[in-house]
$ cat coords_14.pdb   # PDB, C-alpha atoms
ATOM      1  CA  MET A 102      -9.057  -6.450  18.424
ATOM      2  CA  ASN A 103     -11.292  -3.449  18.957
ATOM      3  CA  GLU A 104      -9.481  -1.303  16.494
ATOM      4  CA  ASN A 105      -9.247  -4.034  13.934
ATOM      5  CA  LEU A 106     -12.963  -4.509  13.822
ATOM      6  CA  PHE A 107     -13.834  -1.015  12.646
ATOM      7  CA  THR A 108     -10.833  -0.110  10.548
ATOM      8  CA  SER A 109     -12.474  -1.612   7.499
ATOM      9  CA  PHE A 110     -15.146   1.073   7.678
ATOM     10  CA  THR A 111     -12.835   4.045   7.604
ATOM     11  CA  SER A 112     -12.547   6.091   4.459
ATOM     12  CA  PRO A 113      -9.976   4.319   2.316
ATOM     13  CA  THR A 114      -6.690   6.073   1.702
ATOM     14  CA  MET A 115      -3.708   4.591  -0.026
ATOM     15  CA  MET A 116      -0.462   6.141   1.114
ATOM     16  CA  GLY A 117      -2.305   9.309   1.997
ATOM     17  CA  PHE A 118      -4.180   9.476  -1.280
ATOM     18  CA  PRO A 119      -7.970   9.200  -0.941
ATOM     19  CA  VAL A 120      -9.087   6.419  -3.252
ATOM     20  CA  VAL A 121     -12.685   6.458  -2.023
ATOM     21  CA  MET A 122     -13.729   8.216  -5.234
ATOM     22  CA  LEU A 123     -12.202   5.458  -7.337
ATOM     23  CA  ILE A 124     -13.949   2.814  -5.296
ATOM     24  CA  ILE A 125     -17.307   4.539  -5.651
ATOM     25  CA  LEU A 126     -16.820   4.858  -9.409
ATOM     26  CA  PHE A 127     -15.610   1.287  -9.846
ATOM     27  CA  PRO A 128     -19.016  -0.448 -10.332
ATOM     28  CA  SER A 129     -19.611   1.663 -13.432
ATOM     29  CA  ILE A 130     -16.965  -0.386 -15.240
ATOM     30  CA  MET A 131     -19.048  -3.484 -14.696
ATOM     31  CA  PHE A 132     -21.957  -2.078 -16.718
ATOM     32  CA  PRO A 133     -21.015  -1.625 -20.387
ATOM     33  CA  SER A 134     -23.469   0.356 -22.416
ATOM     34  CA  PRO A 135     -25.267  -1.750 -25.016
ATOM     35  CA  ASP A 136     -24.728  -0.101 -28.378
ATOM     36  CA  ARG A 137     -25.984  -2.770 -30.757
ATOM     37  CA  LEU A 138     -29.150  -4.725 -31.297
ATOM     38  CA  ILE A 139     -27.479  -7.968 -30.190
ATOM     39  CA  ASN A 140     -24.735  -7.316 -27.668
ATOM     40  CA  ASN A 141     -22.133  -9.413 -25.940
ATOM     41  CA  ARG A 142     -23.233 -11.733 -23.166
ATOM     42  CA  LEU A 143     -22.531  -9.401 -20.283
ATOM     43  CA  ALA A 144     -24.502  -6.542 -21.772
ATOM     44  CA  SER A 145     -27.345  -8.844 -22.792
ATOM     45  CA  ILE A 146     -27.697 -10.295 -19.318
ATOM     46  CA  GLN A 147     -27.741  -6.860 -17.750
ATOM     47  CA  GLN A 148     -30.181  -5.586 -20.339
ATOM     48  CA  TRP A 149     -32.541  -8.449 -19.620
ATOM     49  CA  LEU A 150     -32.299  -7.962 -15.858
ATOM     50  CA  ILE A 151     -32.987  -4.257 -16.091
ATOM     51  CA  GLN A 152     -35.932  -4.754 -18.395
ATOM     52  CA  LEU A 153     -37.339  -7.306 -15.986
ATOM     53  CA  THR A 154     -36.872  -5.031 -12.993
ATOM     54  CA  SER A 155     -38.164  -1.891 -14.642
ATOM     55  CA  LYS A 156     -41.269  -3.562 -15.945
ATOM     56  CA  GLN A 157     -42.031  -5.011 -12.548
ATOM     57  CA  MET A 158     -41.351  -1.799 -10.723
ATOM     58  CA  MET A 159     -42.695   0.955 -12.905
ATOM     59  CA  SER A 160     -45.885  -0.700 -14.025
ATOM     60  CA  ILE A 161     -47.856   0.658 -11.084
ATOM     61  CA  HIS A 162     -47.120   4.255 -11.966
ATOM     62  CA  ASN A 163     -48.965   6.556 -14.270
ATOM     63  CA  HIS A 164     -47.213   8.536 -16.962
ATOM     64  CA  LYS A 165     -45.948  11.171 -14.608
ATOM     65  CA  GLY A 166     -44.457   8.666 -12.207
ATOM     66  CA  GLN A 167     -42.804   6.763 -15.029
ATOM     67  CA  THR A 168     -40.587   9.710 -15.841
ATOM     68  CA  TRP A 169     -38.626   8.660 -12.773
ATOM     69  CA  THR A 170     -37.704   5.317 -14.331
ATOM     70  CA  LEU A 171     -34.155   6.233 -15.270
ATOM     71  CA  MET A 172     -33.443   7.593 -11.814
ATOM     72  CA  LEU A 173     -34.816   4.572 -10.000
ATOM     73  CA  MET A 174     -33.198   2.019 -12.286
ATOM     74  CA  SER A 175     -29.788   3.598 -11.929
ATOM     75  CA  LEU A 176     -30.362   3.764  -8.188
ATOM     76  CA  ILE A 177     -31.072   0.077  -7.890
ATOM     77  CA  MET A 178     -28.131  -0.801 -10.132
ATOM     78  CA  PHE A 179     -25.778   1.351  -8.128
ATOM     79  CA  ILE A 180     -26.812   0.129  -4.698
ATOM     80  CA  GLY A 181     -26.991  -3.496  -5.862
ATOM     81  CA  SER A 182     -23.579  -3.523  -7.467
ATOM     82  CA  THR A 183     -21.982  -1.603  -4.598
ATOM     83  CA  ASN A 184     -23.364  -3.985  -1.988
ATOM     84  CA  LEU A 185     -22.360  -7.049  -3.959
ATOM     85  CA  LEU A 186     -18.846  -5.774  -4.566
ATOM     86  CA  GLY A 187     -18.557  -5.165  -0.839
ATOM     87  CA  LEU A 188     -18.788  -8.888  -0.260
ATOM     88  CA  LEU A 189     -15.423  -9.459  -1.911
ATOM     89  CA  PRO A 190     -12.533  -9.879   0.552
ATOM     90  CA  HIS A 191     -10.838  -6.715   1.820
ATOM     91  CA  SER A 192     -13.094  -4.440  -0.175
ATOM     92  CA  PHE A 193     -14.656  -1.203   1.003
ATOM     93  CA  THR A 194     -18.398  -0.689   0.715
ATOM     94  CA  PRO A 195     -19.405   2.946   0.270
ATOM     95  CA  THR A 196     -22.966   2.252   1.389
ATOM     96  CA  THR A 197     -21.780   1.560   4.928
ATOM     97  CA  GLN A 198     -21.243   5.285   5.319
ATOM     98  CA  LEU A 199     -24.317   7.074   6.616
ATOM     99  CA  SER A 200     -23.252  10.245   4.849
ATOM    100  CA  MET A 201     -23.601   8.647   1.475
ATOM    101  CA  ASN A 202     -26.944   7.032   2.182
ATOM    102  CA  LEU A 203     -28.360  10.263   3.513
ATOM    103  CA  GLY A 204     -27.074  11.933   0.383
ATOM    104  CA  MET A 205     -29.076   9.469  -1.653
ATOM    105  CA  ALA A 206     -32.205   9.341   0.485
ATOM    106  CA  ILE A 207     -32.913  12.975   1.289
ATOM    107  CA  PRO A 208     -32.892  14.451  -2.229
ATOM    108  CA  LEU A 209     -34.997  11.669  -3.664
ATOM    109  CA  TRP A 210     -37.569  11.788  -0.885
ATOM    110  CA  ALA A 211     -37.679  15.585  -0.991
ATOM    111  CA  GLY A 212     -38.182  15.495  -4.745
ATOM    112  CA  ALA A 213     -41.132  13.174  -4.403
ATOM    113  CA  VAL A 214     -42.764  15.167  -1.621
ATOM    114  CA  ILE A 215     -42.269  18.497  -3.304
ATOM    115  CA  THR A 216     -43.645  17.170  -6.567
ATOM    116  CA  GLY A 217     -46.697  15.965  -4.716
ATOM    117  CA  PHE A 218     -47.191  19.268  -2.963
ATOM    118  CA  ARG A 219     -46.679  21.243  -6.120
ATOM    119  CA  TYR A 220     -49.064  19.462  -8.417
ATOM    120  CA  LYS A 221     -51.610  18.021  -6.038
ATOM    121  CA  THR A 222     -51.536  20.274  -3.023
ATOM    122  CA  LYS A 223     -54.887  19.320  -1.598
ATOM    123  CA  ALA A 224     -54.297  15.593  -1.999
ATOM    124  CA  SER A 225     -50.848  15.820  -0.431
ATOM    125  CA  LEU A 226     -52.144  17.717   2.545
ATOM    126  CA  ALA A 227     -54.952  15.241   2.874
ATOM    127  CA  HIS A 228     -52.399  12.508   3.505
ATOM    128  CA  PHE A 229     -51.842  13.868   6.956
ATOM    129  CA  LEU A 230     -55.212  12.674   8.127
ATOM    130  CA  PRO A 231     -56.366   9.130   7.508
ATOM    131  CA  GLN A 232     -59.975   8.656   6.592
ATOM    132  CA  GLY A 233     -62.577   8.146   9.266
ATOM    133  CA  THR A 234     -60.723   9.319  12.357
ATOM    134  CA  PRO A 235     -62.852  10.491  15.269
ATOM    135  CA  LEU A 236     -62.925  14.276  15.746
ATOM    136  CA  PRO A 237     -61.074  14.604  19.103
ATOM    137  CA  LEU A 238     -58.115  12.627  17.774
ATOM    138  CA  ILE A 239     -57.450  14.867  14.764
ATOM    139  CA  PRO A 240     -54.753  17.217  16.161
ATOM    140  CA  MET A 241     -52.706  14.394  17.595
ATOM    141  CA  LEU A 242     -52.990  12.364  14.442
ATOM    142  CA  VAL A 243     -51.839  15.240  12.240
ATOM    143  CA  ILE A 244     -48.765  15.612  14.410
ATOM    144  CA  ILE A 245     -48.070  11.910  14.238
ATOM    145  CA  GLU A 246     -48.469  11.809  10.474
ATOM    146  CA  THR A 247     -46.127  14.788  10.077
ATOM    147  CA  ILE A 248     -43.508  13.083  12.181
ATOM    148  CA  SER A 249     -43.873   9.889  10.196
ATOM    149  CA  LEU A 250     -43.457  11.854   6.979
ATOM    150  CA  PHE A 251     -40.241  13.514   8.091
ATOM    151  CA  ILE A 252     -38.823  10.298   9.414
ATOM    152  CA  GLN A 253     -39.033   8.657   5.986
ATOM    153  CA  PRO A 254     -35.675   9.831   4.548
ATOM    154  CA  ILE A 255     -33.829   9.138   7.779
ATOM    155  CA  ALA A 256     -35.365   5.684   7.920
ATOM    156  CA  LEU A 257     -34.347   4.985   4.326
ATOM    157  CA  ALA A 258     -30.737   5.960   4.938
ATOM    158  CA  VAL A 259     -30.325   4.367   8.346
ATOM    159  CA  ARG A 260     -31.968   1.145   7.184
ATOM    160  CA  LEU A 261     -29.441   0.671   4.407
ATOM    161  CA  THR A 262     -26.452   1.695   6.503
ATOM    162  CA  ALA A 263     -27.337  -0.443   9.470
ATOM    163  CA  ASN A 264     -28.084  -3.545   7.459
ATOM    164  CA  ILE A 265     -24.902  -3.505   5.417
ATOM    165  CA  THR A 266     -22.672  -2.489   8.317
ATOM    166  CA  ALA A 267     -24.140  -5.102  10.629
ATOM    167  CA  GLY A 268     -23.665  -7.805   8.032
ATOM    168  CA  HIS A 269     -20.042  -6.910   7.453
ATOM    169  CA  LEU A 270     -19.313  -6.680  11.152
ATOM    170  CA  LEU A 271     -20.856 -10.065  11.796
ATOM    171  CA  MET A 272     -18.771 -11.634   9.077
ATOM    172  CA  HIS A 273     -15.618 -10.109  10.554
ATOM    173  CA  LEU A 274     -16.485 -11.322  14.037
ATOM    174  CA  ILE A 275     -17.448 -14.841  13.074
ATOM    175  CA  GLY A 276     -14.475 -15.180  10.766
ATOM    176  CA  GLY A 277     -12.170 -14.083  13.539
ATOM    177  CA  ALA A 278     -13.801 -16.466  15.955
ATOM    178  CA  THR A 279     -13.351 -19.334  13.524
ATOM    179  CA  LEU A 280      -9.676 -18.593  13.119
ATOM    180  CA  ALA A 281      -9.206 -18.406  16.872
ATOM    181  CA  LEU A 282     -10.986 -21.694  17.352
ATOM    182  CA  THR A 283      -8.913 -23.685  14.910
ATOM    183  CA  ASN A 284      -6.638 -24.697  17.752
ATOM    184  CA  ILE A 285      -9.613 -26.025  19.675
ATOM    185  CA  SER A 286     -11.279 -28.164  17.060
ATOM    186  CA  MET A 287     -14.739 -29.724  16.863
ATOM    187  CA  THR A 288     -16.538 -26.438  17.209
ATOM    188  CA  THR A 289     -14.724 -24.997  14.250
ATOM    189  CA  ALA A 290     -16.662 -27.061  11.790
ATOM    190  CA  LEU A 291     -19.900 -25.748  13.189
ATOM    191  CA  ILE A 292     -18.748 -22.164  13.166
ATOM    192  CA  THR A 293     -17.412 -22.373   9.657
ATOM    193  CA  PHE A 294     -20.757 -23.659   8.610
ATOM    194  CA  ILE A 295     -22.438 -20.722  10.319
ATOM    195  CA  ILE A 296     -20.134 -18.408   8.377
ATOM    196  CA  LEU A 297     -21.178 -20.051   5.169
ATOM    197  CA  ILE A 298     -24.861 -19.673   5.945
ATOM    198  CA  LEU A 299     -24.367 -16.096   7.066
ATOM    199  CA  LEU A 300     -22.551 -15.218   3.888
ATOM    200  CA  THR A 301     -25.306 -16.684   1.791
ATOM    201  CA  ILE A 302     -27.909 -14.804   3.726
ATOM    202  CA  LEU A 303     -25.824 -11.695   3.382
ATOM    203  CA  GLU A 304     -25.891 -12.171  -0.350
ATOM    204  CA  PHE A 305     -29.444 -11.234   0.014
ATOM    205  CA  ALA A 306     -28.163  -7.783   0.678
ATOM    206  CA  VAL A 307     -29.354  -7.426  -2.814
ATOM    207  CA  ALA A 308     -32.783  -7.788  -1.368
ATOM    208  CA  LEU A 309     -32.001  -4.646   0.550
ATOM    209  CA  ILE A 310     -31.735  -2.758  -2.632
ATOM    210  CA  GLN A 311     -35.089  -4.022  -3.531
ATOM    211  CA  ALA A 312     -36.329  -2.835  -0.188
ATOM    212  CA  TYR A 313     -34.697   0.545  -0.671
ATOM    213  CA  VAL A 314     -35.977   1.247  -4.079
ATOM    214  CA  PHE A 315     -39.318  -0.252  -3.362
ATOM    215  CA  THR A 316     -39.878   1.824  -0.299
ATOM    216  CA  LEU A 317     -38.798   4.883  -2.178
ATOM    217  CA  LEU A 318     -41.094   3.891  -4.930
ATOM    218  CA  VAL A 319     -44.087   3.460  -2.702
ATOM    219  CA  SER A 320     -43.466   6.829  -1.199
ATOM    220  CA  LEU A 321     -43.176   8.398  -4.615
ATOM    221  CA  TYR A 322     -46.343   6.759  -5.765
ATOM    222  CA  LEU A 323     -48.336   7.877  -2.813
ATOM    223  CA  HIS A 324     -47.198  11.450  -2.965
ATOM    224  CA  ASP A 325     -47.370  11.878  -6.654
ATOM    225  CA  ASN A 326     -50.343  10.097  -7.959
ATOM    226  CA  THR A 327     -52.993   9.212  -5.441
TER     227      THR A 327
ATOM    228  CA  MET B1226      17.998  -0.607 -54.546
ATOM    229  CA  ALA B1227      16.917  -0.948 -50.896
ATOM    230  CA  SER B1228      17.828  -4.273 -49.331
ATOM    231  CA  VAL B1229      15.346  -6.483 -47.496
ATOM    232  CA  GLY B1230      14.562  -5.219 -44.013
ATOM    233  CA  GLU B1231      15.248  -1.566 -44.745
ATOM    234  CA  CYS B1232      12.195   0.687 -44.967
ATOM    235  CA  PRO B1233      12.579   3.504 -47.524
ATOM    236  CA  SER B1234      10.808   6.215 -45.461
ATOM    237  CA  PRO B1235      11.694   6.310 -41.758
ATOM    238  CA  VAL B1236       8.792   6.424 -39.298
ATOM    239  CA  PRO B1237       8.901   9.521 -37.071
ATOM    240  CA  LEU B1238       9.707   8.810 -33.456
ATOM    241  CA  LYS B1239       6.428  10.046 -32.077
ATOM    242  CA  GLU B1240       4.264   7.546 -33.926
ATOM    243  CA  LYS B1241       6.247   4.438 -33.130
ATOM    244  CA  LYS B1242       4.800   1.882 -30.779
ATOM    245  CA  LEU B1243       6.707   0.995 -27.646
ATOM    246  CA  MET B1244       8.043  -2.274 -28.987
ATOM    247  CA  ASP B1245       9.506  -0.596 -32.068
ATOM    248  CA  VAL B1246      11.383   2.099 -30.179
ATOM    249  CA  LYS B1247      15.078   1.439 -29.866
ATOM    250  CA  LEU B1248      16.602   1.533 -26.408
ATOM    251  CA  GLY B1249      18.650   4.653 -27.052
ATOM    252  CA  GLU B1250      15.583   6.549 -28.167
ATOM    253  CA  LEU B1251      13.558   5.593 -25.130
ATOM    254  CA  PRO B1252      13.956   8.764 -23.014
ATOM    255  CA  SER B1253      13.051  11.049 -25.895
ATOM    256  CA  TRP B1254      10.108   8.801 -26.755
ATOM    257  CA  ILE B1255       8.795   8.998 -23.193
ATOM    258  CA  LEU B1256       9.185  12.762 -23.163
ATOM    259  CA  MET B1257       7.221  13.059 -26.368
ATOM    260  CA  ARG B1258       4.171  11.305 -24.935
ATOM    261  CA  ASP B1259       1.074  13.356 -24.245
ATOM    262  CA  PHE B1260       0.934  14.069 -20.511
ATOM    263  CA  THR B1261      -1.921  16.532 -20.600
ATOM    264  CA  PRO B1262      -5.136  15.478 -18.775
ATOM    265  CA  LYS B1263      -6.677  14.756 -22.140
ATOM    266  CA  GLY B1264      -3.759  12.534 -23.046
ATOM    267  CA  ILE B1265      -3.889  10.616 -19.785
ATOM    268  CA  ALA B1266      -7.648  10.185 -20.118
ATOM    269  CA  GLY B1267      -7.060   8.926 -23.651
ATOM    270  CA  ALA B1268      -4.560   6.402 -22.349
ATOM    271  CA  PHE B1269      -7.048   5.061 -19.785
ATOM    272  CA  ARG B1270      -9.706   4.918 -22.455
ATOM    273  CA  ARG B1271      -7.498   2.976 -24.837
ATOM    274  CA  GLY B1272      -6.543   0.571 -22.093
ATOM    275  CA  TYR B1273     -10.171   0.018 -21.126
ATOM    276  CA  TYR B1274     -11.284  -0.636 -24.672
ATOM    277  CA  ARG B1275      -8.329  -2.880 -25.331
ATOM    278  CA  TYR B1276      -9.360  -5.101 -22.404
ATOM    279  CA  TYR B1277     -13.068  -4.831 -23.138
ATOM    280  CA  ASN B1278     -12.786  -5.771 -26.778
ATOM    281  CA  LYS B1279     -10.491  -8.684 -26.052
ATOM    282  CA  TYR B1280     -12.348 -10.366 -23.200
ATOM    283  CA  VAL B1281     -15.900  -9.081 -22.878
ATOM    284  CA  ASN B1282     -17.128  -7.781 -26.220
ATOM    285  CA  VAL B1283     -16.842 -11.150 -27.950
ATOM    286  CA  LYS B1284     -19.428 -13.509 -29.277
ATOM    287  CA  LYS B1285     -19.050 -16.180 -26.617
ATOM    288  CA  GLY B1286     -17.545 -14.380 -23.672
ATOM    289  CA  GLY B1287     -17.214 -16.330 -20.491
ATOM    290  CA  VAL B1288     -16.872 -15.621 -16.832
ATOM    291  CA  ALA B1289     -13.157 -14.883 -17.257
ATOM    292  CA  GLY B1290     -13.851 -11.383 -18.519
ATOM    293  CA  ILE B1291     -15.256  -9.997 -15.291
ATOM    294  CA  SER B1292     -13.458 -12.420 -12.943
ATOM    295  CA  MET B1293     -10.104 -10.958 -13.917
ATOM    296  CA  VAL B1294     -11.401  -7.487 -13.159
ATOM    297  CA  LEU B1295     -12.762  -8.603  -9.795
ATOM    298  CA  ALA B1296      -9.504 -10.367  -8.940
ATOM    299  CA  ALA B1297      -7.599  -7.177  -9.743
ATOM    300  CA  TYR B1298     -10.044  -5.258  -7.548
ATOM    301  CA  VAL B1299      -9.458  -7.638  -4.625
ATOM    302  CA  LEU B1300      -5.703  -7.291  -5.114
ATOM    303  CA  PHE B1301      -5.969  -3.512  -5.171
ATOM    304  CA  ASN B1302      -7.920  -3.484  -1.932
ATOM    305  CA  TYR B1303      -5.443  -5.863  -0.343
ATOM    306  CA  CYS B1304      -2.617  -3.510  -1.210
ATOM    307  CA  ARG B1305      -4.672  -0.696   0.226
ATOM    308  CA  CYS B1306      -5.076  -2.260   3.688
ATOM    309  CA  TYR B1307      -1.761  -4.091   3.802
ATOM    310  CA  LYS B1308      -0.612  -1.923   6.645
ATOM    311  CA  GLU B1309      -3.327  -3.154   8.983
ATOM    312  CA  LEU B1310      -3.225  -6.706   7.731
ATOM    313  CA  LYS B1311       0.498  -6.953   8.386
ATOM    314  CA  HIS B1312      -0.181  -7.477  12.070
ATOM    315  CA  GLU B1313      -2.492 -10.424  11.530
ATOM    316  CA  ARG B1314       0.012 -12.749   9.948
ATOM    317  CA  LEU B1315       0.870 -16.016  11.669
ATOM    318  CA  ARG B1316       4.343 -15.084  12.833
ATOM    319  CA  LYS B1317       5.964 -15.416  16.188
ATOM    320  CA  TYR B1318       7.446 -11.916  16.119
ATOM    321  CA  HIS B1319       5.699  -9.092  14.284
TER     322      HIS B1319
END

$ encode --input "coords_14.pdb" --output "structure tokens"
Amino acid sequence: MNENLFTSFTSPTMMGFPVVMLIILFPSIMFPSPDRLINNRLASIQQWLIQLTSKQMMSIHNHKGQTWTLMLMSLIMFIGSTNLLGLLPHSFTPTTQLSMNLGMAIPLWAGAVITGFRYKTKASLAHFLPQGTPLPLIPMLVIIETISLFIQPIALAVRLTANITAGHLLMHLIGGATLALTNISMTTALITFIILILLTILEFAVALIQAYVFTLLVSLYLHDNT
Amino acid sequence: MASVGECPSPVPLKEKKLMDVKLGELPSWILMRDFTPKGIAGAFRRGYYRYYNKYVNVKKGGVAGISMVLAAYVLFNYCRCYKELKHERLRKYH
């Protein structure tokens, strides 16, 4: 039982051949590139969704921040599609691996911070001290703000990993419990219902993407433009 | 005068489609296929566009276009973890 629970999170190999690359590249098939004015239904729906999201997300930025639109839109599409495909039975979700999320979080955060330091050095340094702090508290507060700055990429990565992994684990556990309880009925109906609710709530893993990109976005905004 | 059913200029073996190749010519036809990376990539590309243009890139495409892809994905992942799933079947002896 113990081994069965975590084997779904190991790197997928098929007869010794690592297919993890194929699985990471698979969501790209789901997004055909729109090449005409009026496309097929799939491309039109995706086009509309991305226009909606990009308008809502990039409107708060100035011109310099809006150059990041392509990066952030592809980020939200990738994480959203990967998380949703992970809800299919037996599938492997790459975003459960901390290595991958760190690989996404650290470069993006570092890019934002370095851009802020490069173009607005004084303003970026001024972020380390909130306005109106009493004089004796200043050294401690600078240390605390530095720590909170460096924790941002780790928080981004660990947040995504932990949420997706915990959701998958819970589904495994509750599904297993339901199967075991089928011989002892009456509670099975309740537990199956809990599975259903949990799955629906887990569908809001998509909301996690929103959280991811939004948090990244807020960080970018603050460092770049303020 | 050529009779009906007999083409005057024979098609070279390389350009025939699979269904037109006679059984005796099959090994030489397979050997003539392009097995370079570019050829294999071209084969994947043709396959992708064949599926895409038939089921997705149509005027009134439905949910069947992507559902078939997702079903194939589920099947692929099932084959991938069959080894671990073998032990969870409802059998008396595993």

$ interface_residues --input "coords_14.pdb" --of "chain A" --to "chain B" --cutoff "6 Å" --atoms "only C-alpha atoms" --output "ChimeraX atom specification"
/A:115,141,191-192

$ resolve_selection --input "coords_14.pdb" --expression "the PyMOL selection byres ((chain A and resi 198) around 9)" --output "PyMOL selection string"
chain A and resi 110-112+194-197+199-203+262+266

$ atom_distance --input "coords_14.pdb" --atom1 "CA of Ser155 (chain A)" --atom2 "CA of Pro135 (chain A)"
16.6 Å

$ resolve_selection --input "coords_14.pdb" --expression "the PyMOL selection byres ((chain A and resi 272-287) around 10)" --output "mmCIF file with C-alpha atoms, keeping the file's coordinate frame"
data_model
loop_
_atom_site.group_PDB
_atom_site.id
_atom_site.type_symbol
_atom_site.label_atom_id
_atom_site.label_comp_id
_atom_site.auth_asym_id
_atom_site.auth_seq_id
_atom_site.Cartn_x
_atom_site.Cartn_y
_atom_site.Cartn_z
ATOM 1 C CA MET A 102 -9.057 -6.450 18.424
ATOM 2 C CA ASN A 105 -9.247 -4.034 13.934
ATOM 3 C CA LEU A 106 -12.963 -4.509 13.822
ATOM 4 C CA PHE A 107 -13.834 -1.015 12.646
ATOM 5 C CA SER A 109 -12.474 -1.612 7.499
ATOM 6 C CA LEU A 188 -18.788 -8.888 -0.260
ATOM 7 C CA THR A 266 -22.672 -2.489 8.317
ATOM 8 C CA ALA A 267 -24.140 -5.102 10.629
ATOM 9 C CA GLY A 268 -23.665 -7.805 8.032
ATOM 10 C CA HIS A 269 -20.042 -6.910 7.453
ATOM 11 C CA LEU A 270 -19.313 -6.680 11.152
ATOM 12 C CA LEU A 271 -20.856 -10.065 11.796
ATOM 13 C CA THR A 288 -16.538 -26.438 17.209
ATOM 14 C CA THR A 289 -14.724 -24.997 14.250
ATOM 15 C CA ALA A 290 -16.662 -27.061 11.790
ATOM 16 C CA LEU A 291 -19.900 -25.748 13.189
ATOM 17 C CA ILE A 292 -18.748 -22.164 13.166
ATOM 18 C CA THR A 293 -17.412 -22.373 9.657
ATOM 19 C CA PHE A 294 -20.757 -23.659 8.610
ATOM 20 C CA ILE A 295 -22.438 -20.722 10.319
ATOM 21 C CA ILE A 296 -20.134 -18.408 8.377
ATOM 22 C CA LEU A 297 -21.178 -20.051 5.169
ATOM 23 C CA LEU A 299 -24.367 -16.096 7.066
ATOM 24 C CA LEU A 300 -22.551 -15.218 3.888
ATOM 25 C CA LEU A 303 -25.824 -11.695 3.382
#

$ closest_residue --input "coords_14.pdb" --among "B:Asn1278, B:Pro1262, B:Leu1251, B:Ser1292" --to "Pro133 (chain A)" --atoms "all atoms listed in the file"
B:Asn1278

$ atom_distance --input "coords_14.pdb" --atom1 "CA of His228 (chain A)" --atom2 "CA of Glu246 (chain A)"
8.0 Å

$ atom_distance --input "coords_14.pdb" --atom1 "CA of Thr216 (chain A)" --atom2 "CA of Ile177 (chain A)"
21.3 Å

$ axis_aligned_box --input "coords_14.pdb" --around "region 1291-1306 of chain B" --padding-each-side "3 Å" --output "JSON"
{"center_x": -8.9, "center_y": -6.6, "center_z": -5.8, "size_x": 18.6, "size_y": 17.7, "size_z": 25.0}

$ resolve_selection --input "coords_14.pdb" --expression "the PyMOL selection byres ((chain A and resi 255) around 10)" --output "list in words"
Leu199, Asn202, Leu203, Ala206, Ile207, Trp210, Phe251, Ile252, Gln253, Pro254, Ala256, Leu257, Ala258, Val259 and Arg260 of chain A

$ residues_near_point --input "coords_14.pdb" --point "(-18.9, 3.8, -10.0)" --cutoff "12 Å" --atoms "all atoms listed in the file" --output "ChimeraX atom specification"
/A:121-133,175-176,178-183,186,194-195

$ residues_around --input "coords_14.pdb" --residues "Met159 (chain A)" --least-positions-apart "6" --cutoff "9 Å" --atoms "all atoms listed in the file" --output "list in words"
Gly166, Gln167, Trp169, Thr170 and Leu318 of chain A

$ decode --input "coords_14.pdb" --residues "region 1306-1314 of chain B" --atoms "N, CA, C and O atoms" --output "mmCIF file, in the first residue's frame"
data_model
loop_
_atom_site.group_PDB
_atom_site.id
_atom_site.type_symbol
_atom_site.label_atom_id
_atom_site.label_comp_id
_atom_site.auth_asym_id
_atom_site.auth_seq_id
_atom_site.Cartn_x
_atom_site.Cartn_y
_atom_site.Cartn_z
ATOM 1 N N CYS B 1306 1.946 2.196 -16.982
ATOM 2 C CA CYS B 1306 2.011 1.703 -15.609
ATOM 3 C C CYS B 1306 1.330 0.361 -15.440
ATOM 4 O O CYS B 1306 0.903 0.029 -14.346
ATOM 5 N N TYR B 1307 1.250 -0.424 -16.522
ATOM 6 C CA TYR B 1307 0.583 -1.714 -16.411
ATOM 7 C C TYR B 1307 1.262 -2.609 -15.392
ATOM 8 O O TYR B 1307 0.603 -3.377 -14.701
ATOM 9 N N LYS B 1308 2.561 -2.484 -15.307
ATOM 10 C CA LYS B 1308 3.312 -3.367 -14.431
ATOM 11 C C LYS B 1308 2.882 -3.222 -12.972
ATOM 12 O O LYS B 1308 2.790 -4.199 -12.234
ATOM 13 N N GLU B 1309 2.655 -1.976 -12.549
ATOM 14 C CA GLU B 1309 2.219 -1.781 -11.169
ATOM 15 C C GLU B 1309 0.737 -2.063 -10.998
ATOM 16 O O GLU B 1309 0.297 -2.497 -9.938
ATOM 17 N N LEU B 1310 -0.020 -1.842 -12.044
ATOM 18 C CA LEU B 1310 -1.463 -2.025 -11.924
ATOM 19 C C LEU B 1310 -1.853 -3.493 -11.962
ATOM 20 O O LEU B 1310 -2.948 -3.868 -11.570
ATOM 21 N N LYS B 1311 -0.915 -4.329 -12.449
ATOM 22 C CA LYS B 1311 -1.204 -5.750 -12.562
ATOM 23 C C LYS B 1311 -1.568 -6.350 -11.210
ATOM 24 O O LYS B 1311 -2.362 -7.280 -11.128
ATOM 25 N N HIS B 1312 -0.968 -5.795 -10.150
ATOM 26 C CA HIS B 1312 -1.161 -6.389 -8.834
ATOM 27 C C HIS B 1312 -2.470 -5.977 -8.191
ATOM 28 O O HIS B 1312 -2.814 -6.476 -7.133
ATOM 29 N N GLU B 1313 -3.174 -5.015 -8.823
ATOM 30 C CA GLU B 1313 -4.383 -4.517 -8.174
ATOM 31 C C GLU B 1313 -5.631 -5.086 -8.799
ATOM 32 O O GLU B 1313 -6.718 -4.590 -8.570
ATOM 33 N N ARG B 1314 -5.486 -6.117 -9.613
ATOM 34 C CA ARG B 1314 -6.668 -6.705 -10.216
ATOM 35 C C ARG B 1314 -7.403 -7.545 -9.190
ATOM 36 O O ARG B 1314 -6.835 -7.985 -8.200
#
